[in-house]
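Trainee: Structure file query35.cif (mmCIF, C-alpha atoms) right here:
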```
data_structure
loop_
_atom_site.group_PDB
_atom_site.id
_atom_site.type_symbol
_atom_site.label_atom_id
_atom_site.label_comp_id
_atom_site.auth_asym_id
_atom_site.auth_seq_id
_atom_site.Cartn_x
_atom_site.Cartn_y
_atom_site.Cartn_z
ATOM 1 C CA MET A 672 -17.833 1.245 6.426
ATOM 2 C CA THR A 673 -14.462 -0.400 7.013
ATOM 3 C CA ILE A 674 -11.298 0.772 5.294
ATOM 4 C CA GLN A 675 -11.157 -2.389 3.195
ATOM 5 C CA GLN A 676 -14.784 -1.977 2.101
ATOM 6 C CA ALA A 677 -14.033 1.618 1.161
ATOM 7 C CA VAL A 678 -10.955 0.571 -0.835
ATOM 8 C CA ASP A 679 -12.988 -2.065 -2.686
ATOM 9 C CA ALA A 680 -15.695 0.489 -3.499
ATOM 10 C CA PHE A 681 -13.070 2.994 -4.666
ATOM 11 C CA LEU A 682 -11.492 0.437 -7.019
ATOM 12 C CA ILE A 683 -14.886 -0.408 -8.496
ATOM 13 C CA ASP A 684 -15.532 3.296 -9.056
ATOM 14 C CA GLN A 685 -12.172 3.689 -10.804
ATOM 15 C CA GLN A 686 -12.981 0.750 -13.045
ATOM 16 C CA VAL A 687 -16.372 2.242 -13.939
ATOM 17 C CA ARG A 688 -14.600 5.491 -14.859
ATOM 18 C CA GLY A 689 -12.627 3.567 -17.456
ATOM 19 C CA ASN A 690 -9.157 3.740 -15.926
ATOM 20 C CA THR A 691 -6.551 1.517 -17.511
ATOM 21 C CA PRO A 692 -5.534 -1.839 -15.953
ATOM 22 C CA HIS A 693 -2.152 -0.238 -15.188
ATOM 23 C CA THR A 694 -3.824 2.547 -13.172
ATOM 24 C CA LEU A 695 -6.107 0.089 -11.382
ATOM 25 C CA ARG A 696 -3.117 -2.039 -10.442
ATOM 26 C CA TYR A 697 -1.366 1.066 -9.066
ATOM 27 C CA TYR A 698 -4.327 1.933 -6.845
ATOM 28 C CA ARG A 699 -4.750 -1.682 -5.732
ATOM 29 C CA ASP A 700 -1.114 -1.972 -4.680
ATOM 30 C CA THR A 701 -0.924 1.478 -3.096
ATOM 31 C CA LEU A 702 -4.156 1.220 -1.121
ATOM 32 C CA GLY A 703 -3.480 -2.390 -0.168
ATOM 33 C CA ARG A 704 -0.325 -1.195 1.578
ATOM 34 C CA PHE A 705 -2.249 1.670 3.195
ATOM 35 C CA SER A 706 -5.065 -0.606 4.377
ATOM 36 C CA ALA A 707 -2.625 -3.118 5.872
ATOM 37 C CA PHE A 708 -0.917 -0.350 7.860
ATOM 38 C CA LEU A 709 -4.140 1.008 9.369
ATOM 39 C CA GLY A 710 -5.952 -2.305 9.716
ATOM 40 C CA PRO A 711 -8.434 -3.310 6.992
ATOM 41 C CA ASN A 712 -11.292 -3.875 9.470
ATOM 42 C CA GLN A 713 -10.965 -0.426 11.038
ATOM 43 C CA ASP A 714 -13.777 2.022 10.373
ATOM 44 C CA VAL A 715 -12.970 4.870 7.970
ATOM 45 C CA THR A 716 -13.582 7.322 10.804
ATOM 46 C CA VAL A 717 -10.187 6.336 12.282
ATOM 47 C CA LEU A 718 -8.648 8.290 9.424
ATOM 48 C CA THR A 719 -7.204 11.477 10.866
ATOM 49 C CA LEU A 720 -4.383 13.764 9.811
ATOM 50 C CA SER A 721 -2.350 12.405 12.709
ATOM 51 C CA ARG A 722 -2.707 8.803 11.473
ATOM 52 C CA LEU A 723 -1.854 9.867 7.941
ATOM 53 C CA LYS A 724 1.346 11.502 9.147
ATOM 54 C CA GLU A 725 2.238 8.281 10.981
ATOM 55 C CA TYR A 726 1.788 6.415 7.713
ATOM 56 C CA ALA A 727 4.024 8.898 5.887
ATOM 57 C CA LEU A 728 6.722 8.418 8.536
ATOM 58 C CA TRP A 729 6.386 4.647 8.219
ATOM 59 C CA LEU A 730 6.888 4.906 4.455
ATOM 60 C CA SER A 731 9.939 7.132 4.969
ATOM 61 C CA ASP A 732 11.919 4.469 6.815
ATOM 62 C CA GLY A 733 14.955 4.756 4.565
ATOM 63 C CA GLN A 734 14.123 1.727 2.431
ATOM 64 C CA ARG A 735 12.246 3.773 -0.185
ATOM 65 C CA THR A 736 13.256 6.845 -2.154
ATOM 66 C CA THR A 737 11.354 10.064 -1.526
ATOM 67 C CA VAL A 738 9.992 9.835 -5.076
ATOM 68 C CA THR A 739 8.550 6.390 -4.293
ATOM 69 C CA VAL A 740 7.006 7.720 -1.066
ATOM 70 C CA GLN A 741 5.403 10.540 -3.057
ATOM 71 C CA THR A 742 3.973 8.002 -5.504
ATOM 72 C CA TYR A 743 2.377 6.011 -2.671
ATOM 73 C CA ILE A 744 0.940 9.099 -1.012
ATOM 74 C CA ARG A 745 -0.567 10.412 -4.261
ATOM 75 C CA GLY A 746 -2.672 7.264 -4.477
ATOM 76 C CA VAL A 747 -3.811 7.661 -0.877
ATOM 77 C CA ARG A 748 -4.734 11.303 -1.480
ATOM 78 C CA SER A 749 -6.939 10.321 -4.421
ATOM 79 C CA PHE A 750 -8.650 7.789 -2.141
ATOM 80 C CA LEU A 751 -9.144 10.374 0.613
ATOM 81 C CA SER A 752 -10.639 12.865 -1.832
ATOM 82 C CA TRP A 753 -13.051 10.173 -3.063
ATOM 83 C CA LEU A 754 -14.083 9.356 0.517
ATOM 84 C CA TYR A 755 -15.010 12.979 1.097
ATOM 85 C CA MET A 756 -16.824 13.405 -2.226
ATOM 86 C CA GLU A 757 -18.851 10.250 -1.571
ATOM 87 C CA GLU A 758 -19.597 11.482 1.974
ATOM 88 C CA TYR A 759 -17.964 8.474 3.636
ATOM 89 C CA HIS A 760 -15.728 10.830 5.634
ATOM 90 C CA PRO A 761 -16.695 14.277 6.960
ATOM 91 C CA VAL A 762 -13.299 15.907 6.295
ATOM 92 C CA ASN A 763 -11.392 16.289 3.036
ATOM 93 C CA LEU A 764 -8.095 15.026 4.414
ATOM 94 C CA SER A 765 -6.459 15.008 0.984
ATOM 95 C CA GLU A 766 -6.111 18.799 1.125
ATOM 96 C CA ARG A 767 -4.109 18.629 4.356
ATOM 97 C CA PHE A 768 -2.094 15.458 3.679
ATOM 98 C CA ARG A 769 0.856 17.041 1.897
ATOM 99 C CA LEU A 770 3.509 15.312 -0.160
ATOM 100 C CA PRO A 771 6.976 15.131 1.403
ATOM 101 C CA LYS A 772 9.681 17.016 -0.435
ATOM 102 C CA ALA A 773 11.627 14.799 -2.763
ATOM 103 C CA ARG A 774 15.385 15.034 -2.991
ATOM 104 C CA ARG A 775 16.407 15.941 -6.499
ATOM 105 C CA GLN A 776 18.405 13.095 -7.973
ATOM 106 C CA LEU A 777 20.513 13.200 -11.095
ATOM 107 C CA ILE A 778 18.762 11.323 -13.873
ATOM 108 C CA ASP A 779 20.725 8.405 -15.243
ATOM 109 C CA ILE A 780 20.711 7.937 -19.014
ATOM 110 C CA LEU A 781 22.402 5.661 -21.519
ATOM 111 C CA THR A 782 25.557 6.864 -23.214
ATOM 112 C CA ASP A 783 25.776 6.809 -27.009
ATOM 113 C CA ASP A 784 28.047 3.773 -26.797
ATOM 114 C CA GLU A 785 25.556 1.968 -24.562
ATOM 115 C CA VAL A 786 22.745 2.718 -26.988
ATOM 116 C CA ARG A 787 24.794 1.171 -29.795
ATOM 117 C CA ARG A 788 25.511 -1.892 -27.659
ATOM 118 C CA LEU A 789 21.838 -2.269 -26.819
ATOM 119 C CA VAL A 790 20.725 -2.035 -30.449
ATOM 120 C CA SER A 791 23.445 -4.496 -31.536
ATOM 121 C CA CYS A 792 21.960 -7.130 -29.202
ATOM 122 C CA PHE A 793 19.140 -7.763 -31.656
ATOM 123 C CA SER A 794 19.213 -9.720 -34.905
ATOM 124 C CA VAL A 795 16.602 -8.661 -37.454
ATOM 125 C CA ARG A 796 16.621 -12.200 -38.840
ATOM 126 C CA SER A 797 14.708 -13.383 -35.780
ATOM 127 C CA SER A 798 11.096 -12.236 -35.479
ATOM 128 C CA LEU A 799 11.282 -12.306 -31.677
ATOM 129 C CA GLN A 800 14.465 -10.254 -31.605
ATOM 130 C CA LEU A 801 13.028 -7.859 -34.170
ATOM 131 C CA ARG A 802 10.053 -7.450 -31.844
ATOM 132 C CA GLY A 803 12.450 -6.607 -29.014
ATOM 133 C CA LEU A 804 14.231 -4.055 -31.178
ATOM 134 C CA CYS A 805 10.895 -2.403 -32.003
ATOM 135 C CA LEU A 806 9.964 -2.195 -28.323
ATOM 136 C CA CYS A 807 13.298 -0.650 -27.361
ATOM 137 C CA SER A 808 13.105 1.764 -30.286
ATOM 138 C CA LEU A 809 9.681 3.009 -29.196
ATOM 139 C CA MET A 810 10.941 3.662 -25.671
ATOM 140 C CA LEU A 811 14.302 5.086 -26.721
ATOM 141 C CA ASP A 812 13.264 7.088 -29.769
ATOM 142 C CA SER A 813 9.733 8.189 -28.806
ATOM 143 C CA GLY A 814 9.792 8.116 -24.996
ATOM 144 C CA LEU A 815 7.025 5.571 -24.524
ATOM 145 C CA ARG A 816 6.492 3.917 -21.139
ATOM 146 C CA MET A 817 6.984 0.150 -21.096
ATOM 147 C CA HIS A 818 3.265 -0.681 -20.961
ATOM 148 C CA GLU A 819 2.483 1.906 -23.651
ATOM 149 C CA ALA A 820 4.928 0.267 -26.042
ATOM 150 C CA ALA A 821 3.905 -3.286 -25.142
ATOM 151 C CA PHE A 822 0.184 -2.629 -25.610
ATOM 152 C CA LEU A 823 0.459 -0.482 -28.747
ATOM 153 C CA SER A 824 -2.524 -1.020 -31.051
ATOM 154 C CA LEU A 825 -2.487 -1.307 -34.818
ATOM 155 C CA ASP A 826 -5.342 1.197 -34.869
ATOM 156 C CA GLY A 827 -3.092 3.852 -33.330
ATOM 157 C CA LEU A 828 -0.092 3.224 -35.565
ATOM 158 C CA HIS A 829 0.352 5.609 -38.516
ATOM 159 C CA LEU A 830 3.727 4.731 -40.009
ATOM 160 C CA ALA A 831 3.307 6.576 -43.289
ATOM 161 C CA GLU A 832 2.439 9.797 -41.456
ATOM 162 C CA GLY A 833 5.177 9.240 -38.843
ATOM 163 C CA TYR A 834 3.210 9.149 -35.618
ATOM 164 C CA ALA A 835 1.341 6.908 -33.184
ATOM 165 C CA VAL A 836 -1.706 7.532 -31.015
ATOM 166 C CA ILE A 837 -0.858 6.337 -27.518
ATOM 167 C CA THR A 838 -3.271 5.576 -24.688
ATOM 168 C CA GLY A 839 -1.402 6.505 -21.526
ATOM 169 C CA LYS A 840 -2.100 7.063 -17.852
ATOM 170 C CA GLY A 841 -5.680 7.904 -16.969
ATOM 171 C CA ASN A 842 -6.774 6.415 -20.323
ATOM 172 C CA LYS A 843 -5.725 9.695 -21.975
ATOM 173 C CA GLN A 844 -4.629 9.674 -25.592
ATOM 174 C CA ARG A 845 -1.766 11.650 -27.093
ATOM 175 C CA ILE A 846 0.102 11.797 -30.398
ATOM 176 C CA VAL A 847 3.744 10.697 -30.361
ATOM 177 C CA PRO A 848 6.139 11.207 -33.299
ATOM 178 C CA LEU A 849 8.056 8.227 -34.658
ATOM 179 C CA GLY A 850 11.610 8.467 -35.987
ATOM 180 C CA LEU A 851 12.583 7.017 -39.362
ATOM 181 C CA TYR A 852 14.601 4.198 -37.781
ATOM 182 C CA THR A 853 11.650 3.165 -35.599
ATOM 183 C CA ARG A 854 9.220 3.354 -38.512
ATOM 184 C CA LYS A 855 11.440 1.167 -40.692
ATOM 185 C CA THR A 856 11.914 -1.362 -37.891
ATOM 186 C CA LEU A 857 8.175 -1.522 -37.194
ATOM 187 C CA SER A 858 7.420 -1.923 -40.915
ATOM 188 C CA ARG A 859 9.814 -4.862 -41.108
ATOM 189 C CA TYR A 860 8.251 -6.464 -38.028
ATOM 190 C CA LEU A 861 4.670 -6.001 -39.254
ATOM 191 C CA ALA A 862 5.579 -7.444 -42.665
ATOM 192 C CA ARG A 863 6.187 -10.777 -40.906
ATOM 193 C CA ARG A 864 2.815 -10.704 -39.146
ATOM 194 C CA PRO A 865 0.806 -13.859 -39.956
ATOM 195 C CA ALA A 866 -2.304 -13.104 -42.014
ATOM 196 C CA SER A 867 -4.328 -15.396 -39.753
ATOM 197 C CA VAL A 868 -3.826 -13.170 -36.676
ATOM 198 C CA HIS A 869 -6.825 -10.958 -35.972
ATOM 199 C CA HIS A 870 -5.668 -9.327 -32.716
ATOM 200 C CA ARG A 871 -5.232 -5.561 -32.959
ATOM 201 C CA SER A 872 -2.138 -5.564 -30.745
ATOM 202 C CA VAL A 873 1.061 -4.714 -32.609
ATOM 203 C CA PHE A 874 3.246 -7.015 -30.527
ATOM 204 C CA LEU A 875 2.456 -10.700 -30.258
ATOM 205 C CA ASN A 876 3.976 -13.721 -28.532
ATOM 206 C CA ARG A 877 4.957 -17.010 -30.193
ATOM 207 C CA ASP A 878 1.325 -18.183 -30.125
ATOM 208 C CA GLY A 879 0.030 -15.092 -31.866
ATOM 209 C CA GLN A 880 -1.482 -13.700 -28.672
ATOM 210 C CA PRO A 881 -0.970 -10.126 -27.372
ATOM 211 C CA LEU A 882 2.338 -9.598 -25.598
ATOM 212 C CA THR A 883 2.325 -9.381 -21.792
ATOM 213 C CA LEU A 884 4.286 -7.052 -19.505
ATOM 214 C CA CYS A 885 5.811 -10.106 -17.861
ATOM 215 C CA ALA A 886 7.399 -11.070 -21.181
ATOM 216 C CA VAL A 887 8.782 -7.552 -21.692
ATOM 217 C CA ARG A 888 10.279 -7.508 -18.177
ATOM 218 C CA GLN A 889 11.903 -10.874 -18.873
ATOM 219 C CA MET A 890 13.363 -9.457 -22.087
ATOM 220 C CA PHE A 891 15.007 -6.611 -20.175
ATOM 221 C CA ARG A 892 16.422 -8.998 -17.577
ATOM 222 C CA LYS A 893 18.146 -10.918 -20.366
ATOM 223 C CA LEU A 894 19.298 -7.724 -22.075
ATOM 224 C CA LYS A 895 21.228 -6.666 -18.974
ATOM 225 C CA GLY A 896 23.675 -9.504 -19.530
ATOM 226 C CA ARG A 897 23.711 -9.473 -23.309
ATOM 227 C CA SER A 898 24.323 -5.729 -23.548
ATOM 228 C CA GLY A 899 26.756 -5.520 -20.624
ATOM 229 C CA ILE A 900 24.605 -2.781 -19.054
ATOM 230 C CA PRO A 901 23.703 -4.127 -15.584
ATOM 231 C CA ARG A 902 21.665 -1.045 -14.649
ATOM 232 C CA LEU A 903 19.455 -1.399 -17.726
ATOM 233 C CA HIS A 904 15.698 -1.125 -17.228
ATOM 234 C CA ALA A 905 12.797 0.023 -19.380
ATOM 235 C CA HIS A 906 12.378 3.488 -17.859
ATOM 236 C CA LEU A 907 16.070 4.228 -18.436
ATOM 237 C CA LEU A 908 15.252 4.336 -22.151
ATOM 238 C CA ARG A 909 12.514 6.910 -21.567
ATOM 239 C CA HIS A 910 14.901 9.064 -19.507
ATOM 240 C CA THR A 911 17.470 8.819 -22.284
ATOM 241 C CA PHE A 912 14.954 9.924 -24.897
ATOM 242 C CA ALA A 913 13.809 12.957 -22.881
ATOM 243 C CA THR A 914 17.332 14.140 -22.126
ATOM 244 C CA ARG A 915 18.628 13.662 -25.672
ATOM 245 C CA TYR A 916 15.534 15.365 -27.062
ATOM 246 C CA LEU A 917 16.307 18.527 -25.109
ATOM 247 C CA GLU A 918 20.031 18.291 -25.854
ATOM 248 C CA ASN A 919 19.254 18.200 -29.555
ATOM 249 C CA GLY A 920 17.233 21.409 -29.321
ATOM 250 C CA GLY A 921 13.764 19.998 -28.645
ATOM 251 C CA ASP A 922 11.132 22.217 -27.029
ATOM 252 C CA VAL A 923 10.301 21.503 -23.384
ATOM 253 C CA TYR A 924 6.575 22.091 -23.954
ATOM 254 C CA ALA A 925 6.544 19.688 -26.893
ATOM 255 C CA LEU A 926 8.403 17.169 -24.726
ATOM 256 C CA GLN A 927 5.678 17.463 -22.098
ATOM 257 C CA GLN A 928 3.084 16.477 -24.691
ATOM 258 C CA ILE A 929 5.168 13.625 -26.087
ATOM 259 C CA LEU A 930 5.812 12.132 -22.650
ATOM 260 C CA GLY A 931 2.195 12.549 -21.609
ATOM 261 C CA HIS A 932 2.866 14.563 -18.445
ATOM 262 C CA THR A 933 0.060 16.760 -17.168
ATOM 263 C CA SER A 934 2.493 19.040 -15.345
ATOM 264 C CA LEU A 935 5.525 20.839 -16.714
ATOM 265 C CA GLU A 936 7.238 20.190 -13.374
ATOM 266 C CA MET A 937 7.608 16.533 -14.348
ATOM 267 C CA VAL A 938 9.574 17.594 -17.433
ATOM 268 C CA LYS A 939 11.771 20.235 -15.814
ATOM 269 C CA LYS A 940 13.847 17.533 -14.108
ATOM 270 C CA TYR A 941 15.414 16.766 -17.488
ATOM 271 C CA ILE A 942 16.512 20.371 -17.994
ATOM 272 C CA HIS A 943 18.856 20.160 -15.003
ATOM 273 C CA THR A 944 20.719 17.248 -16.573
ATOM 274 C CA ILE A 945 22.102 19.280 -19.494
ATOM 275 C CA PRO A 946 23.684 22.459 -18.058
ATOM 276 C CA GLY A 947 26.904 22.051 -20.040
ATOM 277 C CA LYS A 948 25.033 21.702 -23.283
ATOM 278 C CA LYS A 949 22.985 24.817 -22.586
ATOM 279 C CA VAL A 950 26.083 26.879 -21.832
ATOM 280 C CA SER A 951 28.000 25.714 -24.893
ATOM 281 C CA CYS A 952 25.065 26.489 -27.196
ATOM 282 C CA PHE A 953 24.098 29.796 -25.587
ATOM 283 C CA THR A 954 25.625 31.995 -28.267
ATOM 284 C CA ALA A 955 23.203 30.504 -30.779
ATOM 285 C CA TYR A 956 20.260 31.718 -28.700
ATOM 286 C CA SER A 957 21.630 34.877 -27.046
ATOM 287 C CA PRO A 958 19.446 37.878 -28.031
ATOM 288 C CA LEU A 959 22.352 40.360 -27.952
ATOM 289 C CA ASP A 960 24.726 38.085 -29.853
ATOM 290 C CA ASN A 961 22.121 37.576 -32.562
ATOM 291 C CA LEU A 962 21.430 41.306 -32.679
ATOM 292 C CA ALA A 963 25.140 42.012 -33.203
ATOM 293 C CA ARG A 964 25.250 39.571 -36.099
ATOM 294 C CA SER A 965 22.240 41.124 -37.855
#
```
As structure tokens, please, write out the structure in this file.
Mentor:
Amino acid sequence: MTIQQAVDAFLIDQQVRGNTPHTLRYYRDTLGRFSAFLGPNQDVTVLTLSRLKEYALWLSDGQRTTVTVQTYIRGVRSFLSWLYMEEYHPVNLSERFRLPKARRQLIDILTDDEVRRLVSCFSVRSSLQLRGLCLCSLMLDSGLRMHEAAFLSLDGLHLAEGYAVITGKGNKQRIVPLGLYTRKTLSRYLARRPASVHHRSVFLNRDGQPLTLCAVRQMFRKLKGRSGIPRLHAHLLRHTFATRYLENGGDVYALQQILGHTSLEMVKKYIHTIPGKKVSCFTAYSPLDNLARS
């Protein structure tokens, strides 16, 4: 079996397992890069730990962040594990192909003033701009990923109860709380929904069809200029939510569930962004200080 044949078989298997289009696209892109490096017509037996290390070095050429390199290698490791489980390769190379250490980078978030400027870019009189405000609110106030917000289903939306059921990575579902502002904005948007539309997607385009990621990316490109925030991108809103949530006293374990992370390590990066806040509020949580006041 050639590497390309193995990649094709792996992608089919992932599709049969019910992985989301977003996950399938991730594997397709990641393994396409991996296959091109090794040579798609090479037999899978050419895969050795030595070749994998060469690939890791090639990825770490200075043009990609260490976090990006880790993301690429995670996809390859899943592929290697599948090769072994399906008995296409005699060695489970995924166990020995370790992730490179990532340099910890300070997480960038929006300031309060920037959040106000972003929200002020939208006019609720326009249905399209109201749709944009809803999308940004879901990412900024509930921490949704861009594709999670864009593909939100009416079946998962529970405005009266104040939550939404989100289908995230790995086709896993989780419950995400919705703030009052977001609920009111969504209610206003849905009130303008044409009765003739039968799609279950919350967000629609001008033709009444489900919104695409391409349209959302285009919206953010325009928002960079309109808001005066050139570094603006969708994931910046998610980072802002997570950081502000902890600053406002939110629980790190609850945040893990809201964000849909399987590991607490993915959430701990936000803790390091608020040392000043933790110090200034310490007296409210200090066991001895509270004992003295009792």
Trainee: To one decimal place in Å, what is the distance between atom CA of Leu789 of chain A and atom CA of Glu918 of chain A?
Mentor: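 We find that atom CA of Leu789 of chain A and atom CA of Glu918 of chain A lie 20.7 Å from each other.
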Trainee: Go ahead and compute the interatomic distance for atom CA of Leu730 of chain A and atom CA of Leu682 of chain A, in Å to one decimal.
Mentor: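 Calculated distance between atom CA of Leu730 of chain A and atom CA of Leu682 of chain A is 22.1 Å.
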Trainee: Determine, counting all atoms listed in the file, every residue of protein, DNA or RNA that lies within 12 Å of (9.2, -9.6, -19.6) in the file coordinates, then give the result as an MDAnalysis selection string.
Mentor: chainID A and resid 803 806 817:818 821 876 882:894 904:905
Trainee: Taking only C-alpha atoms into account, which of A:Arg722, A:Arg859, A:Arg769, A:Arg902 comes nearest Gln800 of chain A?
Mentor: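 Once distances to Gln800 of chain A are computed over only C-alpha atoms, the minimum belongs to A:Arg859.
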Trainee: Write out as a ChimeraX atom specification each polymer residue whose atoms come within 9 Å of Val747 of chain A, counting all atoms listed in the file; drop sequence neighbours fewer than 6 positions from it.
Mentor: /A:698,701-702,705,765
Trainee: Here is a test: counting all atoms listed in the file, which residue of A:Leu770, A:Leu825, A:Ile744, A:Leu830 is nearest to Thr856 of chain A?
Mentor: A:Leu830
Trainee: Hey, can you check how far atom CA of Lys855 of chain A sits from atom CA of Asn842 of chain A?
Mentor: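 Taking atom CA of Lys855 of chain A and atom CA of Asn842 of chain A, their separation equals 27.8 Å.
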Trainee: Between A:Gly833, A:Asp779, A:Leu718, A:Val738, which residue has the minimum interatomic distance to Leu751 of chain A, considering only C-alpha atoms?
Mentor: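 For Leu751 of chain A, the nearest of the given residues is A:Leu718.
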Trainee: Could you tell me, as a ChimeraX atom specification, exactly which residues end up selected when the PyMOL selection byres ((chain A and resi 815) around 12) is applied to this structure?
Mentor: /A:805-814,816-823,835-840,845-849,905-913,926,928-932
Trainee: Can you list what the PyMOL selection byres ((chain A and resi 727) around 10) grabs from this structure, as a list in words?
Mentor: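 Checked against the file, the PyMOL selection byres ((chain A and resi 727) around 10) matches Phe705, Ser721, Arg722, Leu723, Lys724, Glu725, Tyr726, Leu728, Trp729, Leu730, Ser731, Asp732, Val740, Gln741, Tyr743, Ile744, Phe768, Arg769, Leu770 and Pro771 of chain A.
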Trainee: Near Arg767 of chain A, within 10 Å and counting all atoms listed in the file, which residues show up once chain neighbours fewer than 3 positions away are dropped, as JSON, numbers by chain?
Mentor: {"A": [720, 723, 748, 762, 763, 764, 770]}
Trainee: Taking 3 positions as the minimum chain separation for residues in the same chain, which residues sit within 12 Å of Ser858 of chain A when counting all atoms listed in the file? Answer as a list in words.
Mentor: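 Once the nearby chain positions are removed, what remains is Val795, Leu801, Arg802, Cys805, Leu825, Leu828, His829, Leu830, Ala831, Gly833, Leu849, Leu851, Tyr852, Thr853, Arg854, Lys855, Leu861, Ala862, Arg863, Arg864 and Val873 of chain A.
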Trainee: Let's have the selection written as a compact mmCIF listing (two decimals), in the frame of the given file, with C-alpha atoms.
Mentor:
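Result written to selection-v4.txt:
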```txt
# COMPACT_ATOMS: atom_id res chain seq x y z
CA VAL A 795 16.60 -8.66 -37.45
CA LEU A 801 13.03 -7.86 -34.17
CA ARG A 802 10.05 -7.45 -31.84
CA CYS A 805 10.90 -2.40 -32.00
CA LEU A 825 -2.49 -1.31 -34.82
CA LEU A 828 -0.09 3.22 -35.56
CA HIS A 829 0.35 5.61 -38.52
CA LEU A 830 3.73 4.73 -40.01
CA ALA A 831 3.31 6.58 -43.29
CA GLY A 833 5.18 9.24 -38.84
CA LEU A 849 8.06 8.23 -34.66
CA LEU A 851 12.58 7.02 -39.36
CA TYR A 852 14.60 4.20 -37.78
CA THR A 853 11.65 3.16 -35.60
CA ARG A 854 9.22 3.35 -38.51
CA LYS A 855 11.44 1.17 -40.69
CA LEU A 861 4.67 -6.00 -39.25
CA ALA A 862 5.58 -7.44 -42.66
CA ARG A 863 6.19 -10.78 -40.91
CA ARG A 864 2.82 -10.70 -39.15
CA VAL A 873 1.06 -4.71 -32.61
```
Trainee: Given the choices A:Gln685, A:Val868, A:Gly710, A:Thr691, which gets closest to Gln844 of chain A if the distance is worked out from only C-alpha atoms?
Mentor: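 Ranked by minimum distance to Gln844 of chain A, first place goes to A:Thr691.
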Trainee: Which is closer to Val786 of chain A than all the others in A:Arg688, A:Arg915, A:Arg699, A:Lys940, using all atoms listed in the file?
Mentor: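 Of A:Arg688, A:Arg915, A:Arg699, A:Lys940, the one nearest Val786 of chain A, counting all atoms listed in the file, is A:Arg915.
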Trainee: Using only C-alpha atoms, can you tell me which of A:Ile778, A:Thr719, A:Ile674, A:Val938 comes closest to Ala925 of chain A?
Mentor: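 When distances to Ala925 of chain A are compared using only C-alpha atoms, the smallest one comes from A:Val938.
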Trainee: Centre and edge lengths, as lines of an AutoDock Vina configuration file, for the axis-aligned box enclosing every listed atom of segment 866-876 of chain A with 4 Å of padding on each of the six sides, in Å to one decimal?
Mentor:
```
center_x = -1.4
center_y = -10.1
center_z = -35.3
size_x = 18.8
size_y = 18.7
size_z = 21.5
```
